[in-house]
Amino acid sequence: MSDIGAVKGDPTWPDELYELLRQQGVTQFAYVPDAGHRVLIDRSLADPDVHSVALTTEEEGVGLLAGAHLGGARGVLLMQSSGAGNCINFLSLVKGGNFPLLMLLSMRGEFGEGNPWQIPMGQGVQACLEAMGVICLRAEKPEDVIPTVSAACTMVFKSGSAVAVLLTQKLIGAKEF
Amino acid sequence: MADSQSGNGRAAAMSPVGVLDRREVLPKLFPNPKDYLFIAGLAGTAKDTAALCGDDRNYYCLAGVMGAAASMGLGLALARPDKRVVVLTGDGELLMNVGTLATIAVLNPPNLSIVCVDNGHYGETGYQKSHTSLGVDLEAMATGAGIPVTRTVTEDGQIADAAELIRSGNSSSFILLKVKPTDPPKVRRSLDAALSRLQFIEGLAATR
């Protein structure tokens, strides 16, 4: 079985990304699984020093990380772009309460998408998130990922912003149909 | 109308509306509210919690984002294993994201209790019946989700056992409080989500 929908080739950035998030003090990894986040999910499951939280719906992750912040912990919310739509009303808490929030979205429904069900949310993700006050940063190339997420961490954990990094389909590859 | 009521007759008989009064039960369940960090749902349970905690700031109440209380409690419980965390929420709020019970059960933090004040109604919007008036059993859903310890409290004599579980249980727990559909305490509380966030964090820092 080919590793379709996962990260193209065997890049080093997913492991570097995990190390970066740990260096930033992230101890709660919350996710609805997606192939684009496979390395982060597997590493969080294997790391005894973090909580690896499988969610039933992405909006739970928004609540979870708000609660983590109240307790002084840092987290990251991983999802496929389709999950962004599930989060919209919960982002009222983030915006109204000035909660920091770091989201990493593996994109579907854009560059080279072959599943028409993915197109509407994929095309609407950035507009929806920005409408709810989430700053969106895009990573298009492997060498973009670490600097972009690093910048996002500063904006989230130092400035208290809500930031989504969109790991684009140019970066992670389109799933084949 | 008649058809829908007869269709729900059997289910309604299985889930009688509670007889306990929330304004009397909660102070008995939490004789020392300072011992806990509370995340409260909207409306009724927000007022319950504000009345319970008084001037202390060991609680964060929602006034929107319905369905977020349980996941917020989970994040807080994981972040602060040294504190006992209580999610105090209503049947309507919990039903909106009832899958969170599954997420909690998988993690099973020992310092987290979900206390559902189940009046069988959406009180804030005019006391329309909720699903729990029509046969839905939230304790059974919590058990099915895998929460290791659950209780349903329908009478005064069951409160002490539930209180002990919340105070010193060694797994996540779920308490269903069946109460009658009467109003929560009349109490003014801040609707400023950002101010409440800062007050909670400052209050928590002061306990260290």
# chains A, B, ... in the order shown; residues from 1 in each chain; ligands from 1

$ interface_residues --of "chain A" --to "chain B" --cutoff "9 Å" --atoms "only C-alpha atoms" --output "PyMOL selection string"
chain A and resi 27-28+51-57+59-74+89-99

$ select_by_dssp --residues "chain B" --states "strand (DSSP E)" --output "PyMOL selection string"
chain B and resi 36-40+59-61+84-90+112-118+121-122+128-129+149-153+173-178

$ atom_distance --atom1 "atom CA of Arg84 of chain B" --atom2 "atom CA of Asn111 of chain B"
4.7 Å

$ closest_atom_pairs --of "segment 23-140 of chain B" --to "segment 175-182 of chain B" --cutoff "8 Å" --atoms "only C-alpha atoms" --output "tab-separated table"
residue	atom	partner	partner_atom	distance
B:Ser113	CA	B:Ile175	CA	7.5
B:Ile114	CA	B:Ile175	CA	6.2
B:Val115	CA	B:Ile175	CA	4.7
B:Cys116	CA	B:Leu176	CA	5.0
B:Val117	CA	B:Leu177	CA	5.0
B:Asp118	CA	B:Lys178	CA	5.0
B:Asn119	CA	B:Pro181	CA	4.9
B:Gly120	CA	B:Pro181	CA	7.0
B:His121	CA	B:Pro181	CA	6.8
B:Gly123	CA	B:Pro181	CA	7.2
B:Tyr127	CA	B:Pro181	CA	7.6
B:Leu138	CA	B:Leu176	CA	7.2
B:Glu139	CA	B:Leu176	CA	6.2

$ residues_around --residues "Val25 of chain B" --least-positions-apart "5" --cutoff "8 Å" --atoms "only C-alpha atoms" --output "ChimeraX atom specification"
/B:20,156,159

$ residues_around --residues "segment 137-142 of chain A" --least-positions-apart "6" --cutoff "8 Å" --atoms "only C-alpha atoms" --output "VMD selection string"
chain A and resid 11 13 148 152 163 to 171

$ write_last_selection --atoms "all heavy atoms" --output "JSON list (two decimals), in the first residue's frame"
[["chain", "number", "residue", "atom", "x", "y", "z"],
["A", 11, "PRO", "N", 10.90, 13.62, 3.74],
["A", 11, "PRO", "CA", 11.55, 14.87, 4.16],
["A", 11, "PRO", "C", 11.91, 14.84, 5.64],
["A", 11, "PRO", "O", 11.38, 14.04, 6.41],
["A", 11, "PRO", "CB", 10.47, 15.92, 3.89],
["A", 11, "PRO", "CG", 9.18, 15.17, 4.05],
["A", 11, "PRO", "CD", 9.44, 13.77, 3.59],
["A", 13, "TRP", "N", 11.59, 17.58, 7.58],
["A", 13, "TRP", "CA", 10.90, 18.61, 8.37],
["A", 13, "TRP", "C", 9.89, 18.08, 9.39],
["A", 13, "TRP", "O", 9.73, 18.71, 10.44],
["A", 13, "TRP", "CB", 10.29, 19.70, 7.48],
["A", 13, "TRP", "CG", 9.19, 19.30, 6.54],
["A", 13, "TRP", "CD1", 9.30, 19.06, 5.21],
["A", 13, "TRP", "CD2", 7.80, 19.11, 6.86],
["A", 13, "TRP", "NE1", 8.08, 18.73, 4.67],
["A", 13, "TRP", "CE2", 7.14, 18.76, 5.67],
["A", 13, "TRP", "CE3", 7.04, 19.21, 8.03],
["A", 13, "TRP", "CZ2", 5.77, 18.48, 5.61],
["A", 13, "TRP", "CZ3", 5.68, 18.95, 7.98],
["A", 13, "TRP", "CH2", 5.06, 18.59, 6.79],
["A", 148, "THR", "N", 8.39, 29.01, 9.39],
["A", 148, "THR", "CA", 7.00, 29.47, 9.49],
["A", 148, "THR", "C", 6.38, 29.07, 10.83],
["A", 148, "THR", "O", 5.74, 29.88, 11.51],
["A", 148, "THR", "CB", 6.16, 28.91, 8.32],
["A", 148, "THR", "OG1", 6.79, 29.26, 7.09],
["A", 148, "THR", "CG2", 4.75, 29.47, 8.34],
["A", 152, "ALA", "N", 5.19, 31.32, 13.96],
["A", 152, "ALA", "CA", 3.85, 31.15, 14.53],
["A", 152, "ALA", "C", 3.93, 30.96, 16.05],
["A", 152, "ALA", "O", 3.14, 31.53, 16.80],
["A", 152, "ALA", "CB", 3.15, 29.97, 13.87],
["A", 163, "VAL", "N", -2.97, 31.55, 15.70],
["A", 163, "VAL", "CA", -2.30, 31.42, 14.39],
["A", 163, "VAL", "C", -2.50, 30.01, 13.86],
["A", 163, "VAL", "O", -2.32, 29.03, 14.58],
["A", 163, "VAL", "CB", -0.78, 31.71, 14.49],
["A", 163, "VAL", "CG1", -0.12, 31.58, 13.13],
["A", 163, "VAL", "CG2", -0.53, 33.10, 15.08],
["A", 164, "ALA", "N", -2.88, 29.94, 12.59],
["A", 164, "ALA", "CA", -2.95, 28.66, 11.89],
["A", 164, "ALA", "C", -1.85, 28.62, 10.83],
["A", 164, "ALA", "O", -1.73, 29.57, 10.04],
["A", 164, "ALA", "CB", -4.31, 28.48, 11.22],
["A", 165, "VAL", "N", -1.04, 27.57, 10.84],
["A", 165, "VAL", "CA", -0.08, 27.36, 9.76],
["A", 165, "VAL", "C", -0.70, 26.37, 8.79],
["A", 165, "VAL", "O", -1.07, 25.25, 9.18],
["A", 165, "VAL", "CB", 1.26, 26.83, 10.28],
["A", 165, "VAL", "CG1", 2.20, 26.54, 9.12],
["A", 165, "VAL", "CG2", 1.89, 27.84, 11.25],
["A", 166, "LEU", "N", -0.85, 26.79, 7.55],
["A", 166, "LEU", "CA", -1.43, 25.93, 6.53],
["A", 166, "LEU", "C", -0.29, 25.21, 5.80],
["A", 166, "LEU", "O", 0.53, 25.83, 5.13],
["A", 166, "LEU", "CB", -2.26, 26.75, 5.53],
["A", 166, "LEU", "CG", -3.27, 27.74, 6.12],
["A", 166, "LEU", "CD1", -4.14, 28.34, 5.02],
["A", 166, "LEU", "CD2", -4.15, 27.10, 7.19],
["A", 167, "LEU", "N", -0.22, 23.90, 6.02],
["A", 167, "LEU", "CA", 0.76, 23.06, 5.32],
["A", 167, "LEU", "C", 0.11, 22.70, 3.99],
["A", 167, "LEU", "O", -0.76, 21.84, 3.91],
["A", 167, "LEU", "CB", 1.08, 21.82, 6.16],
["A", 167, "LEU", "CG", 1.58, 22.13, 7.58],
["A", 167, "LEU", "CD1", 1.68, 20.85, 8.41],
["A", 167, "LEU", "CD2", 2.93, 22.83, 7.54],
["A", 168, "THR", "N", 0.54, 23.39, 2.95],
["A", 168, "THR", "CA", -0.23, 23.39, 1.69],
["A", 168, "THR", "C", -0.05, 22.09, 0.92],
["A", 168, "THR", "O", 0.86, 21.30, 1.19],
["A", 168, "THR", "CB", 0.22, 24.56, 0.80],
["A", 168, "THR", "OG1", 1.60, 24.34, 0.46],
["A", 168, "THR", "CG2", 0.08, 25.89, 1.53],
["A", 169, "GLN", "N", -0.91, 21.90, -0.06],
["A", 169, "GLN", "CA", -0.79, 20.69, -0.89],
["A", 169, "GLN", "C", 0.43, 20.73, -1.79],
["A", 169, "GLN", "O", 0.90, 19.68, -2.21],
["A", 169, "GLN", "CB", -2.08, 20.48, -1.69],
["A", 169, "GLN", "CG", -3.03, 19.52, -0.97],
["A", 169, "GLN", "CD", -4.37, 19.31, -1.65],
["A", 169, "GLN", "OE1", -5.11, 20.25, -1.82],
["A", 169, "GLN", "NE2", -4.66, 18.09, -2.05],
["A", 170, "LYS", "N", 0.96, 21.90, -2.08],
["A", 170, "LYS", "CA", 2.24, 21.95, -2.80],
["A", 170, "LYS", "C", 3.33, 21.33, -1.96],
["A", 170, "LYS", "O", 4.24, 20.67, -2.44],
["A", 170, "LYS", "CB", 2.61, 23.40, -3.14],
["A", 170, "LYS", "CG", 2.03, 23.91, -4.43],
["A", 170, "LYS", "CD", 2.60, 25.28, -4.79],
["A", 170, "LYS", "CE", 1.92, 25.80, -6.04],
["A", 170, "LYS", "NZ", 2.29, 27.19, -6.31],
["A", 171, "LEU", "N", 3.22, 21.51, -0.64],
["A", 171, "LEU", "CA", 4.22, 20.98, 0.29],
["A", 171, "LEU", "C", 4.03, 19.48, 0.52],
["A", 171, "LEU", "O", 4.98, 18.71, 0.44],
["A", 171, "LEU", "CB", 4.11, 21.73, 1.63],
["A", 171, "LEU", "CG", 4.95, 21.17, 2.78],
["A", 171, "LEU", "CD1", 6.43, 21.50, 2.56],
["A", 171, "LEU", "CD2", 4.49, 21.75, 4.11]]

$ atom_distance --atom1 "atom CA of Pro33 of chain B" --atom2 "atom CA of Val86 of chain B"
10.0 Å

$ residues_around --residues "Ala174 of chain A" --least-positions-apart "2" --cutoff "8 Å" --atoms "only C-alpha atoms" --output "ChimeraX atom specification"
/A:5,108,111-114,169-170,172,176

$ residues_around --residues "Asp15 of chain A" --least-positions-apart "2" --cutoff "12 Å" --atoms "only C-alpha atoms" --output "list in words"
Val7, Asp10, Pro11, Thr12, Trp13, Leu17, Tyr18, Glu19, Leu20, Leu21, Arg22, His37, Arg38, Val39, Leu40, Ile41, Asp42, Arg43, Ser44, Val145 and Ile146 of chain A

$ closest_residue --among "A:Gln80, A:Gln123, A:Asn86, A:Gln118" --to "Leu104 of chain A" --atoms "only C-alpha atoms"
A:Gln80

$ atom_distance --atom1 "atom CA of Gly144 of chain B" --atom2 "atom CA of Val32 of chain A"
20.7 Å
